[in-house]
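Chemist: One structure is given below, represented as structure tokens, and several questions about it will come after.
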Amino acid sequence: MSKYLVTGAAGFIGYHLCEALLRRGDEVVGLDNLNDYYSVQLKRDRLAQLADQSRFSFHRIDLADREAIDALFQEHRFPVVLNMAAQAGVRYSLSNPHAYIQSNLVGFLNILEACRHTDVGHLVYASSSSVYGANTRMPFSVHDNVDHPISVYAASKKSNELIAHSYSHLYRLPTTGLRFFTVYGPWGRPDMAIYLFTEAILTGRPIDVYNHGTMKRDFTYIDDVVEGVVRTADRPAEANPNWSGDEPDPGTSSAPYRLYNIGNNQPVELMNLIEILEKCLGTKAKKNLLPIQPGDVPETYANVDDLARDVGFQPSCTIEEGVARFVAWYRQYHGR
């Protein structure tokens, strides 16, 4: 048994991660600020699934509250920290950029400082496929340069990776950044396409289909993502002995620092996703075809070779299976 801090424990990925760790017998301390970016009730309902576990405790703390973060780390002395907390959403970052600076930069710095001062053995943190920004070479590789983000959200996640590297270099803190690719599944986020589409189709409202339906996403089922996170957490980042400043590899370092993609390695066109949803729901969607939105990228596609090699990661859930499981959960949770 080991002890883990999971930040963002009431969030989609954080909640499932807590469940997985508890199932294998670990002790989990969960942290979340329960903000109202989306339904607080959904977040509370996720936490309620964990409440009867004797090895789970919850703290309502904002990452930007430096004193509270420091006190928590001093109390528990975590061997491993899994930072899943962040202000999420590409489009929301266009209208409320300050929220991203507070949570994703100030909050992340507080986590790094607390890890440094309490000798945390490994920090694993959520990054995002959005860091690939204007890149067009597919599939996206962690060894590619990612210096052209096209949203504040993406820039904040790229900043996380840069700041983490400086701490790995200066203080030998092992850090691993995980670039998630469009995670979906039961207990998912209401601002994500699959949730929005399901809700609209069942209520007879049209769905907004951006880029006229030609958008592609590497949809990744939550169980595959969590397995990748847990496997990574159990393998602290190490320095790459072959790293060279003459030809710097963005995905590794001479410091104990690693970046990985976690994706399904199989992009799905938006129109195909909608067809799968229609079959699961038994209802045709009314489509409102729209141009691509500011901050969006037309396609994501993850190269997961490094994660497969280092921790044995292998996504196994097909889009058809995953959507069916999500729809079953949605109907049960909402009584539809």
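Chain identifiers are assigned as A, B, and so on, following the order in which chains appear in the structure tokens; residues are numbered from 1 within each chain, and ligands are numbered from 1 in order of appearance.
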Find the residues near Thr136 (chain A): any atom within 12 Å, counting only C-alpha atoms, skip ones fewer than 6 places away on the same chain, and give them as a compact mmCIF listing (two decimals) with C-alpha atoms, in the first residue's frame.

Modeler:
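Done, and the output landed in out-v8.txt:
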```txt
# COMPACT_ATOMS: atom_id res chain seq x y z
CA ASP A 144 8.23 17.27 -31.63
CA ASN A 145 8.62 20.94 -30.82
CA VAL A 146 5.40 22.47 -29.40
CA HIS A 148 2.92 27.37 -31.09
CA VAL A 297 -7.38 22.32 -33.91
CA PRO A 298 -8.81 20.32 -36.83
CA GLU A 299 -7.30 16.97 -35.80
CA THR A 300 -5.57 15.20 -32.92
CA TYR A 301 -3.73 11.89 -33.18
```

Chemist: Enumerate, in order of chain and increasing residue number, the residues of region 143-208 of chain A with an atom no farther than 10 Å from region 302-310 of chain A, each with its shortest atom pair and distance in Å to one decimal, counting only C-alpha atoms, as CSV.

Modeler:
```
residue,atom,partner,partner_atom,distance
A:His143,CA,A:Asp306,CA,9.8
A:Leu178,CA,A:Leu307,CA,9.7
A:Arg179,CA,A:Ala302,CA,9.0
A:Phe180,CA,A:Ala302,CA,9.0
A:Phe181,CA,A:Ala302,CA,7.2
```

Chemist: Save the residues we just selected, all heavy atoms, as a PDB file, in the first residue's frame?

Modeler:
```pdb
ATOM      1  N   HIS A 143       8.316  14.087 -28.992  1.00  0.00           N
ATOM      2  CA  HIS A 143       9.655  14.505 -29.417  1.00  0.00           C
ATOM      3  C   HIS A 143       9.608  15.657 -30.416  1.00  0.00           C
ATOM      4  O   HIS A 143      10.654  16.124 -30.869  1.00  0.00           O
ATOM      5  CB  HIS A 143      10.403  13.305 -29.992  1.00  0.00           C
ATOM      6  CG  HIS A 143      10.475  12.156 -29.038  1.00  0.00           C
ATOM      7  ND1 HIS A 143      11.203  12.209 -27.865  1.00  0.00           N
ATOM      8  CD2 HIS A 143       9.846  10.947 -29.046  1.00  0.00           C
ATOM      9  CE1 HIS A 143      11.055  11.063 -27.211  1.00  0.00           C
ATOM     10  NE2 HIS A 143      10.224  10.293 -27.902  1.00  0.00           N
ATOM     11  N   LEU A 178       1.660  14.227 -18.596  1.00  0.00           N
ATOM     12  CA  LEU A 178       0.842  13.350 -19.428  1.00  0.00           C
ATOM     13  C   LEU A 178      -0.084  14.186 -20.311  1.00  0.00           C
ATOM     14  O   LEU A 178      -0.942  14.907 -19.800  1.00  0.00           O
ATOM     15  CB  LEU A 178       0.022  12.399 -18.549  1.00  0.00           C
ATOM     16  CG  LEU A 178       0.850  11.487 -17.641  1.00  0.00           C
ATOM     17  CD1 LEU A 178      -0.071  10.681 -16.733  1.00  0.00           C
ATOM     18  CD2 LEU A 178       1.743  10.576 -18.459  1.00  0.00           C
ATOM     19  N   ARG A 179       0.105  14.082 -21.604  1.00  0.00           N
ATOM     20  CA  ARG A 179      -0.731  14.820 -22.548  1.00  0.00           C
ATOM     21  C   ARG A 179      -1.955  13.970 -22.896  1.00  0.00           C
ATOM     22  O   ARG A 179      -1.863  13.017 -23.671  1.00  0.00           O
ATOM     23  CB  ARG A 179       0.080  15.155 -23.804  1.00  0.00           C
ATOM     24  CG  ARG A 179       1.220  16.139 -23.530  1.00  0.00           C
ATOM     25  CD  ARG A 179       2.109  16.321 -24.745  1.00  0.00           C
ATOM     26  NE  ARG A 179       3.157  17.323 -24.488  1.00  0.00           N
ATOM     27  CZ  ARG A 179       4.174  17.581 -25.299  1.00  0.00           C
ATOM     28  NH1 ARG A 179       4.274  16.905 -26.443  1.00  0.00           N
ATOM     29  NH2 ARG A 179       5.078  18.497 -24.992  1.00  0.00           N
ATOM     30  N   PHE A 180      -3.089  14.320 -22.303  1.00  0.00           N
ATOM     31  CA  PHE A 180      -4.322  13.568 -22.512  1.00  0.00           C
ATOM     32  C   PHE A 180      -4.974  13.969 -23.833  1.00  0.00           C
ATOM     33  O   PHE A 180      -5.025  15.147 -24.176  1.00  0.00           O
ATOM     34  CB  PHE A 180      -5.310  13.820 -21.374  1.00  0.00           C
ATOM     35  CG  PHE A 180      -4.831  13.344 -20.025  1.00  0.00           C
ATOM     36  CD1 PHE A 180      -4.937  14.168 -18.912  1.00  0.00           C
ATOM     37  CD2 PHE A 180      -4.291  12.087 -19.865  1.00  0.00           C
ATOM     38  CE1 PHE A 180      -4.517  13.738 -17.666  1.00  0.00           C
ATOM     39  CE2 PHE A 180      -3.859  11.644 -18.630  1.00  0.00           C
ATOM     40  CZ  PHE A 180      -3.968  12.470 -17.522  1.00  0.00           C
ATOM     41  N   PHE A 181      -5.527  12.956 -24.505  1.00  0.00           N
ATOM     42  CA  PHE A 181      -6.209  13.174 -25.784  1.00  0.00           C
ATOM     43  C   PHE A 181      -7.700  12.867 -25.627  1.00  0.00           C
ATOM     44  O   PHE A 181      -8.108  11.722 -25.505  1.00  0.00           O
ATOM     45  CB  PHE A 181      -5.608  12.278 -26.867  1.00  0.00           C
ATOM     46  CG  PHE A 181      -4.320  12.801 -27.459  1.00  0.00           C
ATOM     47  CD1 PHE A 181      -3.170  12.860 -26.692  1.00  0.00           C
ATOM     48  CD2 PHE A 181      -4.272  13.242 -28.773  1.00  0.00           C
ATOM     49  CE1 PHE A 181      -1.980  13.339 -27.231  1.00  0.00           C
ATOM     50  CE2 PHE A 181      -3.087  13.726 -29.316  1.00  0.00           C
ATOM     51  CZ  PHE A 181      -1.935  13.779 -28.546  1.00  0.00           C
TER      52      PHE A 181
END
```

Chemist: Need to verify the contact set: region 317-329 of chain A, 10 Å, only C-alpha atoms, exclusion of same-chain residues closer than 6 positions in sequence. Can you return it as JSON, numbers by chain?

Modeler: {"A": [184, 185, 186, 187, 188, 194, 195, 198, 199, 218, 219, 220, 221, 222, 223, 224, 264, 266, 267, 268, 272, 273, 276, 277, 279, 280, 281, 335, 336]}

Chemist: Would you mind listing what lies within 10 Å of His59 (chain A) as a list in words, with only C-alpha atoms counted and same-chain residues fewer than 2 positions away left out?

Modeler: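 Residues near the query, excluding close chain neighbours: Thr7, Ala9, Val29, Gly30, Leu31, Asp32, Asn33, Ser57, Ile61, Asp62, Ala68 and Leu72 of chain A.
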
Chemist: Fewer than 5 positions away in the same chain doesn't count, so skip those; otherwise give me all residues within 9 Å of Leu22 (chain A), counting only C-alpha atoms, as a list in words.

Modeler: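 Listing them by chain and then by number gives Leu17, Glu27, Val28, Leu50, Gln53, Arg55 and Phe56 of chain A.
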
Chemist: Could you give me, as a PyMOL selection string, each residue of region 191-252 of chain A that DSSP assigns to alpha helix (DSSP H) when run on this structure's backbone?

Modeler: chain A and resi 193-202+222-233

Chemist: From a DSSP pass on the backbone, collect the residues of region 31-223 of chain A flagged as strand (DSSP E) and hand them back as a ChimeraX atom specification.

Modeler: /A:31-32,56-60,80-83,122-128,175-180,183-184,207-209,216-217,220-221

Chemist: Can you work out which one of A:Val230, A:Ala71, A:Ala155, A:Val183 has the shortest atom-to-atom distance to Pro97 (chain A), counting only C-alpha atoms?

Modeler: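 Among the listed residues, the smallest separation from Pro97 (chain A) belongs to A:Ala155.
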
Chemist: Which residues of region 162-223 of chain A have any atom within 7 Å of an atom in region 243-257 of chain A when counting only C-alpha atoms, and what is the closest pair of atoms for each, with the distance in Å to one decimal? Order the rows by chain and rising number and write it as CSV.

Modeler:
```
residue,atom,partner,partner_atom,distance
A:His165,CA,A:Tyr257,CA,6.3
A:Ser168,CA,A:Ala255,CA,5.6
A:His169,CA,A:Ala255,CA,5.0
A:Arg172,CA,A:Pro256,CA,6.3
A:Leu173,CA,A:Pro256,CA,6.7
A:Pro174,CA,A:Pro256,CA,4.8
A:Thr175,CA,A:Tyr257,CA,5.1
A:Thr176,CA,A:Tyr257,CA,5.9
```

Chemist: Which value, in Å to one decimal, gives the distance between CA of Arg189 (chain A) and CA of Leu112 (chain A)?

Modeler: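 A separation of 26.3 Å between them.
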
Chemist: With only C-alpha atoms as the basis for distance, which of A:Val80, A:Ile13, A:Cys115, A:Ala239 is at the shortest distance from Thr182 (chain A)?

Modeler: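 Ranking A:Val80, A:Ile13, A:Cys115, A:Ala239 by distance to Thr182 (chain A), first place goes to A:Ile13.
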
Chemist: List the spatial neighbours of Lys287 (chain A) as a JSON list (two decimals) with N, CA, C and O atoms, in the first residue's frame - criterion: any atom at most 9 Å away, only C-alpha atoms, same-chain residues fewer than 2 positions off excluded.

Modeler:
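And here's around-v7.json as it stands now:
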```json
[["chain", "number", "residue", "atom", "x", "y", "z"],
["A", 205, "ARG", "N", -32.86, 18.79, -29.38],
["A", 205, "ARG", "CA", -32.21, 20.03, -29.80],
["A", 205, "ARG", "C", -31.12, 19.75, -30.82],
["A", 205, "ARG", "O", -30.50, 18.69, -30.79],
["A", 206, "PRO", "N", -30.83, 20.68, -31.72],
["A", 206, "PRO", "CA", -29.75, 20.46, -32.68],
["A", 206, "PRO", "C", -28.39, 20.49, -31.99],
["A", 206, "PRO", "O", -28.21, 21.15, -30.96],
["A", 207, "ILE", "N", -27.43, 19.76, -32.54],
["A", 207, "ILE", "CA", -26.08, 19.77, -32.01],
["A", 207, "ILE", "C", -25.21, 20.66, -32.89],
["A", 207, "ILE", "O", -25.39, 20.72, -34.11],
["A", 208, "ASP", "N", -24.29, 21.39, -32.25],
["A", 208, "ASP", "CA", -23.35, 22.22, -32.99],
["A", 208, "ASP", "C", -22.18, 21.35, -33.45],
["A", 208, "ASP", "O", -21.45, 20.79, -32.62],
["A", 209, "VAL", "N", -22.02, 21.25, -34.76],
["A", 209, "VAL", "CA", -20.96, 20.41, -35.34],
["A", 209, "VAL", "C", -19.94, 21.33, -36.00],
["A", 209, "VAL", "O", -20.20, 21.90, -37.07],
["A", 285, "ALA", "N", -29.69, 12.70, -34.91],
["A", 285, "ALA", "CA", -29.31, 14.04, -34.45],
["A", 285, "ALA", "C", -29.69, 15.09, -35.48],
["A", 285, "ALA", "O", -29.61, 14.86, -36.69],
["A", 289, "LEU", "N", -24.32, 22.71, -38.68],
["A", 289, "LEU", "CA", -22.95, 22.72, -39.17],
["A", 289, "LEU", "C", -22.34, 24.12, -39.09],
["A", 289, "LEU", "O", -22.92, 25.08, -39.59]]
```

Chemist: List every residue of region 123-172 of chain A that has an atom at most 10 Å from any atom of region 85-90 of chain A, giving for each one its closest atom pair and the distance in Å to one decimal, counting only C-alpha atoms, sorted by chain and then by ascending residue number, as CSV.

Modeler:
```
residue,atom,partner,partner_atom,distance
A:Tyr125,CA,A:Ala85,CA,8.5
A:Ala126,CA,A:Ala85,CA,7.7
A:Ser127,CA,A:Ala86,CA,9.4
A:Ser128,CA,A:Ala88,CA,9.8
A:Ser130,CA,A:Val90,CA,8.2
A:Ile150,CA,A:Val90,CA,9.3
A:Ser151,CA,A:Val90,CA,6.4
A:Val152,CA,A:Val90,CA,7.5
A:Tyr153,CA,A:Val90,CA,5.5
A:Ala154,CA,A:Val90,CA,7.3
A:Ser156,CA,A:Gln87,CA,9.5
A:Lys157,CA,A:Ala86,CA,9.2
```
